[in-house]
>>> print(open('run28.tsv').read())   # TSV, C-alpha atoms
chain	number	residue	atom	x	y	z
A	620	ASP	CA	-37.17	22.08	80.47
A	621	ARG	CA	-38.39	24.16	77.55
A	622	LEU	CA	-35.09	26.10	77.59
A	623	ASP	CA	-33.13	22.83	77.54
A	624	VAL	CA	-35.13	21.61	74.53
A	625	THR	CA	-34.45	24.88	72.71
A	626	ARG	CA	-30.75	24.51	73.37
A	627	ARG	CA	-30.73	20.98	72.01
A	628	LEU	CA	-32.59	22.07	68.89
A	629	ALA	CA	-30.06	24.83	68.26
A	630	MET	CA	-27.05	22.60	68.95
A	631	HIS	CA	-24.19	23.34	66.53
A	632	GLY	CA	-26.35	25.98	64.85
A	633	ARG	CA	-28.57	23.35	63.18
A	634	ARG	CA	-32.29	22.90	63.63
A	635	ARG	CA	-33.37	19.38	64.46
A	636	GLN	CA	-35.19	17.73	61.55
A	637	THR	CA	-38.69	16.44	61.92
A	638	ALA	CA	-39.55	12.83	61.12
A	639	GLU	CA	-41.20	13.96	57.86
A	640	GLU	CA	-38.10	15.90	56.81
A	641	ARG	CA	-35.83	12.95	57.56
A	642	GLU	CA	-38.06	10.69	55.47
A	643	ARG	CA	-38.03	13.11	52.52
A	644	ARG	CA	-34.25	13.34	52.74
A	645	ARG	CA	-33.95	9.54	52.83
A	646	GLU	CA	-36.16	9.19	49.76
A	647	ALA	CA	-34.15	11.84	47.90
A	648	ASN	CA	-30.92	9.98	48.71
A	649	ILE	CA	-32.42	6.72	47.45
A	650	GLU	CA	-33.40	8.45	44.21
A	651	ARG	CA	-29.86	9.82	43.74
A	652	VAL	CA	-28.30	6.42	44.39
A	653	GLN	CA	-30.65	4.76	41.91
A	654	LYS	CA	-29.80	7.39	39.29
A	655	PHE	CA	-26.09	6.90	39.88
A	656	ASN	CA	-26.31	3.10	39.70
A	657	ALA	CA	-28.29	3.27	36.46
A	658	LEU	CA	-25.78	5.67	34.90
A	659	GLN	CA	-22.81	3.59	35.98
A	660	SER	CA	-24.37	0.39	34.63
A	661	ASP	CA	-25.09	2.10	31.33
A	662	VAL	CA	-21.52	3.41	30.99
A	663	LEU	CA	-20.00	0.04	31.86
A	664	ARG	CA	-22.28	-1.69	29.34
A	665	ARG	CA	-21.32	0.78	26.62
A	666	HIS	CA	-17.64	0.37	27.46
A	667	ARG	CA	-17.83	-3.43	27.24
A	668	ALA	CA	-19.72	-3.18	23.95
A	669	GLY	CA	-17.18	-0.76	22.50
A	670	GLU	CA	-19.80	1.92	21.81
A	671	ARG	CA	-17.57	4.92	21.17
A	672	ASP	CA	-19.98	7.62	20.03
A	673	ALA	CA	-21.54	10.91	21.12
A	674	VAL	CA	-24.21	9.17	23.17
A	675	SER	CA	-21.65	7.22	25.19
A	676	MET	CA	-19.59	10.39	25.70
A	677	LYS	CA	-22.65	12.14	27.10
A	678	ALA	CA	-23.36	9.21	29.41
A	679	CYS	CA	-19.79	9.33	30.71
A	680	GLU	CA	-20.08	13.08	31.23
A	681	LYS	CA	-23.23	12.72	33.34
A	682	LEU	CA	-21.66	9.97	35.42
A	683	LEU	CA	-18.43	11.88	36.01
A	684	GLU	CA	-20.33	14.98	37.07
A	685	LEU	CA	-21.84	12.86	39.83
A	686	CYS	CA	-18.63	11.03	40.72
A	687	PRO	CA	-15.29	11.88	39.06
A	688	GLU	CA	-13.59	8.82	40.56
A	689	ILE	CA	-14.92	6.37	37.96
A	690	MET	CA	-11.74	5.64	36.00
A	691	THR	CA	-13.55	3.52	33.41
A	692	ALA	CA	-15.61	6.54	32.34
A	693	TRP	CA	-12.48	8.65	31.84
A	694	ASN	CA	-10.83	5.77	29.95
A	695	HIS	CA	-13.87	5.47	27.70
A	696	ARG	CA	-13.72	9.15	26.80
A	697	ARG	CA	-10.03	8.86	25.92
A	698	GLU	CA	-10.63	5.74	23.84
A	699	THR	CA	-13.51	7.46	22.03
A	700	ILE	CA	-11.37	10.47	21.16
A	701	GLU	CA	-8.55	8.26	19.87
A	702	ALA	CA	-11.00	6.09	17.92
A	703	ALA	CA	-12.56	9.11	16.24
A	704	ALA	CA	-9.14	10.31	15.15
A	705	SER	CA	-8.09	6.92	13.76
A	706	THR	CA	-11.39	6.31	11.95
A	707	SER	CA	-11.41	9.60	10.09
A	708	SER	CA	-7.64	9.32	9.50
A	709	PRO	CA	-6.90	13.04	9.81
A	710	SER	CA	-3.39	14.38	9.88
A	711	ASP	CA	-2.02	15.53	13.20
A	712	ALA	CA	-2.55	19.13	12.12
A	713	GLU	CA	-6.19	18.49	11.15
A	714	ASP	CA	-6.84	16.63	14.40
A	715	ALA	CA	-5.31	19.51	16.36
A	716	GLU	CA	-7.60	22.02	14.62
A	717	ARG	CA	-10.69	20.07	15.62
A	718	ASP	CA	-11.50	21.35	19.10
A	719	TRP	CA	-11.71	18.06	20.96
A	720	TRP	CA	-9.86	19.29	24.05
A	721	THR	CA	-12.14	22.07	25.34
A	722	PRO	CA	-14.96	19.73	26.47
A	723	GLU	CA	-12.42	17.47	28.17
A	724	LEU	CA	-10.76	20.32	30.05
A	725	LYS	CA	-14.14	21.76	31.00
A	726	LEU	CA	-15.37	18.41	32.35
A	727	SER	CA	-12.22	17.70	34.34
A	728	GLU	CA	-12.23	21.26	35.73
A	729	THR	CA	-15.80	20.73	36.92
A	730	ALA	CA	-14.66	17.50	38.57
A	731	LEU	CA	-11.71	19.22	40.24
A	732	ARG	CA	-13.91	21.97	41.63
A	733	SER	CA	-15.95	19.31	43.43
A	734	ASN	CA	-12.86	17.29	44.42
A	735	PRO	CA	-9.51	19.10	43.93
A	736	LYS	CA	-7.60	15.92	44.79
A	737	SER	CA	-9.28	13.56	42.35
A	738	TYR	CA	-6.58	11.29	40.91
A	739	PRO	CA	-8.52	10.31	37.73
A	740	SER	CA	-9.43	13.94	36.97
A	741	TRP	CA	-5.82	15.12	37.18
A	742	HIS	CA	-4.67	12.14	35.12
A	743	HIS	CA	-7.20	12.92	32.40
A	744	ARG	CA	-6.23	16.57	32.32
A	745	LYS	CA	-2.58	15.67	31.91
A	746	TRP	CA	-3.48	13.29	29.08
A	747	VAL	CA	-5.43	16.02	27.27
A	748	ILE	CA	-2.59	18.55	27.46
A	749	GLY	CA	0.00	15.92	26.54
A	750	ARG	CA	-1.96	14.90	23.45
A	751	LEU	CA	-2.57	18.50	22.43
A	752	LYS	CA	1.11	19.28	22.83
A	753	ARG	CA	2.05	16.24	20.74
A	754	LEU	CA	-0.36	17.05	17.91
A	755	ALA	CA	0.29	20.79	17.70
A	756	PRO	CA	3.33	21.77	19.78
A	757	ASP	CA	3.67	25.25	18.28
A	758	ALA	CA	0.04	26.16	17.66
A	759	PRO	CA	-1.38	29.30	19.35
A	760	THR	CA	-4.25	27.22	20.72
A	761	THR	CA	-1.76	24.96	22.50
A	762	ARG	CA	0.00	27.94	24.05
A	763	ASP	CA	-3.35	29.39	25.13
A	764	ALA	CA	-4.34	26.09	26.72
A	765	LEU	CA	-1.06	25.90	28.63
A	766	GLU	CA	-1.45	29.47	29.91
A	767	HIS	CA	-4.98	28.65	31.01
A	768	GLU	CA	-3.73	25.59	32.86
A	769	LEU	CA	-1.07	27.62	34.66
A	770	ALA	CA	-3.70	30.16	35.73
A	771	LEU	CA	-5.90	27.30	36.97
A	772	CYS	CA	-3.02	25.96	39.04
A	773	VAL	CA	-2.53	29.39	40.61
A	774	LYS	CA	-6.23	29.56	41.47
A	775	LEU	CA	-6.37	26.06	42.95
A	776	LEU	CA	-3.16	26.54	44.96
A	777	ASP	CA	-4.57	29.78	46.33
A	778	MET	CA	-7.51	27.70	47.56
A	779	ASP	CA	-5.31	24.92	48.95
A	780	ASP	CA	-1.58	25.60	48.85
A	781	ARG	CA	-0.74	22.02	49.87
A	782	ASN	CA	-2.58	20.21	47.07
A	783	PHE	CA	0.28	17.99	45.91
A	784	HIS	CA	-1.70	16.89	42.83
A	785	CYS	CA	-1.81	20.49	41.64
A	786	TRP	CA	1.88	21.07	42.43
A	787	ALA	CA	2.83	18.03	40.33
A	788	TYR	CA	0.56	19.19	37.50
A	789	ARG	CA	2.02	22.69	37.66
A	790	ARG	CA	5.50	21.24	37.17
A	791	PHE	CA	4.23	19.35	34.11
A	792	ILE	CA	2.73	22.56	32.67
A	793	VAL	CA	5.72	24.83	33.29
A	794	GLU	CA	8.01	22.33	31.59
A	795	HIS	CA	5.86	22.60	28.45
A	796	LEU	CA	5.65	26.39	28.77
A	797	GLY	CA	9.39	26.67	29.18
A	798	ARG	CA	9.18	28.85	32.28
A	799	SER	CA	12.52	29.53	33.92
A	800	VAL	CA	13.67	27.91	37.15
A	801	ASP	CA	14.03	31.39	38.67
A	802	ASP	CA	10.35	32.12	38.00
A	803	GLU	CA	9.29	28.92	39.72
A	804	LEU	CA	11.65	29.48	42.66
A	805	ALA	CA	10.13	32.94	43.10
A	806	TYR	CA	6.65	31.41	43.10
A	807	THR	CA	7.59	28.81	45.71
A	808	LEU	CA	9.23	31.49	47.85
A	809	GLU	CA	5.99	33.44	47.87
A	810	LYS	CA	4.05	30.33	48.93
A	811	ILE	CA	6.60	29.40	51.60
A	812	GLU	CA	6.63	32.91	53.06
A	813	ASN	CA	2.84	32.80	53.26
A	814	ASN	CA	2.93	29.42	54.99
A	815	PHE	CA	6.15	27.86	56.31
A	816	SER	CA	4.20	24.63	56.83
A	817	ASN	CA	3.69	24.15	53.08
A	818	TYR	CA	5.68	20.95	52.58
A	819	SER	CA	4.54	20.70	48.96
A	820	ALA	CA	6.11	24.08	48.17
A	821	TRP	CA	9.39	23.07	49.84
A	822	HIS	CA	9.42	19.83	47.86
A	823	TYR	CA	8.60	21.64	44.61
A	824	ARG	CA	11.48	24.00	45.32
A	825	SER	CA	13.91	21.12	45.75
A	826	ALA	CA	12.66	19.55	42.51
A	827	HIS	CA	13.48	22.74	40.58
A	828	LEU	CA	16.98	23.06	41.95
A	829	SER	CA	19.01	20.99	39.54
A	830	THR	CA	21.65	18.56	40.76
A	831	GLU	CA	24.43	20.82	39.54
A	832	ALA	CA	22.90	23.97	41.04
A	833	ALA	CA	22.43	22.16	44.33
A	834	LYS	CA	26.16	21.50	44.46
A	835	LYS	CA	27.06	25.20	44.54
A	836	LYS	CA	27.83	26.52	48.00
A	837	GLU	CA	26.40	29.97	47.23
A	838	MET	CA	23.03	28.44	46.44
A	839	LEU	CA	23.16	26.16	49.47
A	840	ASP	CA	23.95	29.08	51.77
A	841	LYS	CA	20.86	30.95	50.55
A	842	GLU	CA	18.65	27.89	50.92
A	843	PHE	CA	19.98	27.10	54.41
A	844	GLU	CA	19.20	30.69	55.36
A	845	LEU	CA	15.65	30.35	54.03
A	846	ALA	CA	15.13	27.18	56.07
A	847	SER	CA	16.64	28.86	59.15
A	848	ASN	CA	14.12	31.71	58.88
A	849	ALA	CA	11.38	29.10	59.06
A	850	PHE	CA	13.03	27.46	62.11
A	851	TYR	CA	13.10	30.69	64.09
A	852	THR	CA	9.45	31.34	63.21
A	853	GLU	CA	7.96	27.84	63.56
A	854	PRO	CA	10.57	25.52	65.14
A	855	GLU	CA	8.04	22.71	65.68
A	856	ASP	CA	6.94	22.57	62.05
A	857	GLN	CA	8.64	19.68	60.29
A	858	SER	CA	8.29	20.90	56.68
A	859	ALA	CA	11.36	23.16	56.76
A	860	TRP	CA	13.31	20.51	58.69
A	861	MET	CA	12.65	18.00	55.91
A	862	TYR	CA	13.95	20.53	53.40
A	863	HIS	CA	16.96	21.13	55.66
A	864	ARG	CA	17.65	17.39	55.57
A	865	TRP	CA	17.65	17.51	51.76
A	866	LEU	CA	20.02	20.49	51.81
A	867	THR	CA	22.33	18.59	54.15
A	868	SER	CA	22.53	15.72	51.67
A	869	ARG	CA	23.41	18.19	48.91
A	870	ALA	CA	26.06	19.85	51.10
A	871	ARG	CA	27.75	16.49	51.63
A	872	GLU	CA	28.17	16.27	47.83
A	873	LEU	CA	30.14	19.53	47.48
A	874	ASP	CA	33.38	18.83	45.61
A	875	ASP	CA	35.53	21.22	47.60
A	876	ALA	CA	36.34	19.71	51.02
A	877	GLY	CA	36.68	23.13	52.65
A	878	GLU	CA	33.32	24.34	51.32
A	879	ARG	CA	31.70	21.07	52.33
A	880	ALA	CA	33.01	21.33	55.90
A	881	ALA	CA	32.03	25.01	56.17
A	882	ALA	CA	28.47	24.39	54.96
A	883	LEU	CA	27.91	21.49	57.35
A	884	ARG	CA	29.49	23.37	60.26
A	885	ALA	CA	27.24	26.41	59.70
A	886	ALA	CA	24.17	24.18	59.51
A	887	LEU	CA	25.17	22.44	62.74
A	888	GLU	CA	25.69	25.74	64.55
A	889	THR	CA	22.23	26.91	63.50
A	890	CYS	CA	20.66	23.72	64.83
A	891	GLN	CA	22.55	24.05	68.12
A	892	GLU	CA	21.30	27.60	68.51
A	893	ILE	CA	17.70	26.61	67.80
A	894	SER	CA	18.02	23.74	70.26
A	895	GLU	CA	19.18	26.14	72.98
A	896	LEU	CA	16.28	28.49	72.26
A	897	GLU	CA	13.73	25.66	72.03
A	898	PRO	CA	14.95	22.87	74.36
A	899	GLU	CA	11.60	21.03	74.12
A	900	CYS	CA	11.73	20.79	70.32
A	901	LYS	CA	13.07	17.52	68.89
A	902	TRP	CA	13.77	18.68	65.32
A	903	PRO	CA	16.99	20.69	65.86
A	904	LEU	CA	18.36	17.89	68.02
A	905	LEU	CA	17.53	15.30	65.37
A	906	ALA	CA	19.24	17.47	62.75
A	907	GLN	CA	22.33	17.69	64.97
A	908	VAL	CA	22.48	13.92	65.17
A	909	MET	CA	22.39	13.65	61.39
A	910	LEU	CA	24.96	16.43	60.92
A	911	SER	CA	27.38	15.16	63.55
A	912	GLY	CA	28.08	11.85	61.88
A	913	GLU	CA	28.31	8.45	63.54
A	914	SER	CA	31.73	9.11	65.07
A	915	HIS	CA	30.53	12.19	66.99
A	916	ARG	CA	27.16	10.93	68.21
A	917	ASP	CA	26.77	10.40	71.93
A	918	ALA	CA	24.20	8.53	73.99
A	919	GLU	CA	23.01	11.74	75.64
A	920	MET	CA	21.65	13.02	72.32
A	921	PHE	CA	19.56	9.89	71.83
A	922	ASN	CA	18.37	9.91	75.45
A	923	ARG	CA	17.13	13.47	74.99
A	924	LEU	CA	15.41	12.51	71.74
A	925	ALA	CA	13.75	9.54	73.46
A	926	ALA	CA	12.48	11.87	76.19
A	927	LEU	CA	11.21	14.46	73.70
A	928	ASP	CA	9.70	11.87	71.35
A	929	PRO	CA	8.67	8.89	73.51
A	930	SER	CA	6.65	7.21	70.75
A	931	ARG	CA	9.95	6.59	68.91
A	932	SER	CA	12.12	5.96	71.94
A	933	GLY	CA	12.80	2.36	70.92
A	934	TYR	CA	14.10	3.50	67.54
A	935	TYR	CA	16.45	6.06	69.11
A	936	ARG	CA	17.85	3.50	71.54
A	937	ASP	CA	18.39	0.99	68.71
A	938	VAL	CA	20.33	3.57	66.70
A	939	ALA	CA	22.35	4.60	69.75
A	940	SER	CA	23.32	1.01	70.45
A	941	GLY	CA	24.74	0.73	66.94
>>> encode(input="run28.tsv", output="structure tokens")
Amino acid sequence: DRLDVTRRLAMHGRRRQTAEERERRREANIERVQKFNALQSDVLRRHRAGERDAVSMKACEKLLELCPEIMTAWNHRRETIEAAASTSSPSDAEDAERDWWTPELKLSETALRSNPKSYPSWHHRKWVIGRLKRLAPDAPTTRDALEHELALCVKLLDMDDRNFHCWAYRRFIVEHLGRSVDDELAYTLEKIENNFSNYSAWHYRSAHLSTEAAKKKEMLDKEFELASNAFYTEPEDQSAWMYHRWLTSRARELDDAGERAAALRAALETCQEISELEPECKWPLLAQVMLSGESHRDAEMFNRLAALDPSRSGYYRDVASG
């Protein structure tokens, strides 16, 4: 019995709390909630009263350090910054020289370290950089800020390479930095090779391939090959298959009929080969259905899909029936 009690106490590597410890923890939680409620009420009151000063900025900062999801607090900081600029009536150059952006970037970075997928924090950061770029597009401080933001994106994507907020923000930053498409494609290739399941990197790659570039067969051949490498490694992972679907849509837009037919035929042959190697995988079969076209689809394909993917069997039968 004593051994059984010891096992229960050590369950999941955690010691069971005593009644006194649980009570102290409960009281501490109550104190934190009361502090948060008081801060939030104070910020909301200041916002309604239009108190745009240093005291209200500090109150917002304290609240956002506790919970970065309070959009009103972020809005109040933005309104206070804009109000200060309009009241003193500085020129854009003078406003750019006044270092208003560092505290904002520091606060939002603190928020992102506690919650890397905080919508309001990313929105505020984008607003700060956008305003800085508008006020002083060619200033060294603006360039330094953009380089810092790019480095932050690298760091955050190393921590979580599928953080779509950070991927979207990176695209915003590289556009302002003027980085080349080739540089960004090289970065996505590195991320994809590290993790074929990184759908965000595949999507980012497609976003950087311009419409015109995506209509060149040479480019499509290279991208189809990249997707195929992922298929042979992780045939069950859908990320590369979604990218393959996008490539297929681009191949259908090739101007030259011969190139268009050749690209689609090669893609179909790859899917057929994967399907033979992995008969229990639905993705190559689904790709074959899309590549074959309505006139070449047969009921057997949809029956196999229904068997491999029973949760969507009704959908496959509906499509098969026309």
>>> closest_residue(input="run28.tsv", among="A:Tyr935, A:Trp865, A:Tyr806, A:Tyr823", to="Leu905 in chain A", atoms="only C-alpha atoms")
A:Tyr935
>>> atom_distance(input="run28.tsv", atom1="CA of Thr760 in chain A", atom2="CA of Ser675 in chain A")
26.9 Å
>>> closest_residue(input="run28.tsv", among="A:Ala939, A:Cys890, A:Leu685, A:Cys785", to="Lys654 in chain A", atoms="only C-alpha atoms")
A:Leu685
>>> closest_residue(input="run28.tsv", among="A:Asp661, A:Asp917, A:Glu842, A:Glu670", to="Leu682 in chain A", atoms="all atoms listed in the file")
A:Asp661
>>> residues_around(input="run28.tsv", residues="Ala692 in chain A", least_positions_apart="5", cutoff="9 Å", atoms="all atoms listed in the file", output="list in words")
Gln659, Val662, Leu663, His666, Met676, Ala678, Cys679, Glu680, Leu682, Leu683, Pro687 and Arg697 of chain A
>>> closest_residue(input="run28.tsv", among="A:Thr721, A:Lys835, A:Lys677, A:Arg651", to="Arg879 in chain A", atoms="all atoms listed in the file")
A:Lys835
>>> atom_distance(input="run28.tsv", atom1="CA of Arg664 in chain A", atom2="CA of Arg696 in chain A")
14.0 Å
>>> closest_residue(input="run28.tsv", among="A:Ala926, A:Met838, A:Ile792, A:Ala859", to="Glu766 in chain A", atoms="all atoms listed in the file")
A:Ile792
>>> atom_distance(input="run28.tsv", atom1="CA of Ser660 in chain A", atom2="CA of Ala730 in chain A")
20.1 Å
>>> closest_residue(input="run28.tsv", among="A:Lys774, A:Lys901, A:Arg645, A:Arg931", to="Gln857 in chain A", atoms="only C-alpha atoms")
A:Lys901
>>> build_atoms(input="run28.tsv", residues="range 661-672 of chain A", atoms="all heavy atoms", output="compact mmCIF listing (two decimals), keeping the file's coordinate frame")
# COMPACT_ATOMS: atom_id res chain seq x y z
N ASP A 661 -25.00 1.76 32.75
CA ASP A 661 -25.09 2.10 31.33
C ASP A 661 -23.70 2.36 30.74
O ASP A 661 -23.37 1.88 29.64
CB ASP A 661 -25.98 3.33 31.15
CG ASP A 661 -26.17 3.70 29.69
OD1 ASP A 661 -26.47 2.80 28.89
OD2 ASP A 661 -26.00 4.89 29.35
N VAL A 662 -22.87 3.11 31.47
CA VAL A 662 -21.52 3.41 30.99
C VAL A 662 -20.69 2.14 30.88
O VAL A 662 -19.98 1.93 29.89
CB VAL A 662 -20.83 4.44 31.91
CG1 VAL A 662 -19.34 4.53 31.62
CG2 VAL A 662 -21.48 5.80 31.76
N LEU A 663 -20.76 1.29 31.89
CA LEU A 663 -20.00 0.04 31.86
C LEU A 663 -20.45 -0.85 30.71
O LEU A 663 -19.63 -1.50 30.05
CB LEU A 663 -20.14 -0.69 33.20
CG LEU A 663 -19.50 0.01 34.40
CD1 LEU A 663 -19.78 -0.78 35.69
CD2 LEU A 663 -17.99 0.17 34.22
N ARG A 664 -21.76 -0.88 30.46
CA ARG A 664 -22.28 -1.69 29.34
C ARG A 664 -21.75 -1.15 28.01
O ARG A 664 -21.30 -1.92 27.15
CB ARG A 664 -23.81 -1.66 29.35
CG ARG A 664 -24.44 -2.47 28.21
CD ARG A 664 -25.93 -2.22 28.11
NE ARG A 664 -26.22 -0.82 27.80
CZ ARG A 664 -26.10 -0.30 26.58
NH1 ARG A 664 -25.67 -1.05 25.56
NH2 ARG A 664 -26.41 0.97 26.38
N ARG A 665 -21.80 0.16 27.85
CA ARG A 665 -21.32 0.78 26.62
C ARG A 665 -19.81 0.54 26.44
O ARG A 665 -19.34 0.31 25.32
CB ARG A 665 -21.62 2.28 26.62
CG ARG A 665 -23.10 2.60 26.52
CD ARG A 665 -23.35 4.12 26.59
NE ARG A 665 -24.76 4.40 26.54
CZ ARG A 665 -25.48 4.47 25.40
NH1 ARG A 665 -24.87 4.27 24.23
NH2 ARG A 665 -26.77 4.72 25.43
N HIS A 666 -19.09 0.58 27.54
CA HIS A 666 -17.64 0.37 27.46
C HIS A 666 -17.34 -1.06 27.03
O HIS A 666 -16.48 -1.29 26.16
CB HIS A 666 -17.00 0.66 28.82
CG HIS A 666 -15.51 0.53 28.82
ND1 HIS A 666 -14.68 1.39 28.13
CD2 HIS A 666 -14.69 -0.39 29.42
CE1 HIS A 666 -13.42 1.01 28.30
NE2 HIS A 666 -13.40 -0.05 29.07
N ARG A 667 -18.06 -2.02 27.61
CA ARG A 667 -17.83 -3.43 27.24
C ARG A 667 -18.21 -3.68 25.78
O ARG A 667 -17.57 -4.47 25.09
CB ARG A 667 -18.64 -4.35 28.16
CG ARG A 667 -18.07 -4.46 29.58
CD ARG A 667 -18.73 -5.61 30.32
NE ARG A 667 -20.16 -5.35 30.51
CZ ARG A 667 -20.68 -4.77 31.59
NH1 ARG A 667 -19.87 -4.37 32.58
NH2 ARG A 667 -21.97 -4.58 31.71
N ALA A 668 -19.25 -2.99 25.32
CA ALA A 668 -19.72 -3.18 23.95
C ALA A 668 -18.90 -2.40 22.94
O ALA A 668 -19.10 -2.56 21.72
CB ALA A 668 -21.20 -2.78 23.85
N GLY A 669 -18.01 -1.55 23.42
CA GLY A 669 -17.18 -0.76 22.50
C GLY A 669 -17.95 0.33 21.79
O GLY A 669 -17.63 0.68 20.65
N GLU A 670 -18.99 0.87 22.43
CA GLU A 670 -19.80 1.92 21.81
C GLU A 670 -19.11 3.28 22.02
O GLU A 670 -19.31 3.94 23.03
CB GLU A 670 -21.20 1.94 22.42
CG GLU A 670 -21.97 0.66 22.19
CD GLU A 670 -23.35 0.68 22.83
OE1 GLU A 670 -23.77 1.77 23.29
OE2 GLU A 670 -24.00 -0.37 22.89
N ARG A 671 -18.32 3.67 21.06
CA ARG A 671 -17.57 4.92 21.17
C ARG A 671 -18.23 5.96 20.26
O ARG A 671 -17.83 6.13 19.11
CB ARG A 671 -16.12 4.69 20.79
CG ARG A 671 -15.41 3.66 21.68
CD ARG A 671 -13.94 3.54 21.36
NE ARG A 671 -13.28 2.60 22.24
CZ ARG A 671 -13.13 1.31 21.99
NH1 ARG A 671 -13.60 0.81 20.86
NH2 ARG A 671 -12.51 0.52 22.84
N ASP A 672 -19.23 6.62 20.80
CA ASP A 672 -19.98 7.62 20.03
C ASP A 672 -20.39 8.76 20.94
O ASP A 672 -20.06 8.79 22.14
CB ASP A 672 -21.21 6.98 19.37
CG ASP A 672 -22.06 6.19 20.37
OD1 ASP A 672 -22.05 6.56 21.58
OD2 ASP A 672 -22.72 5.22 19.98
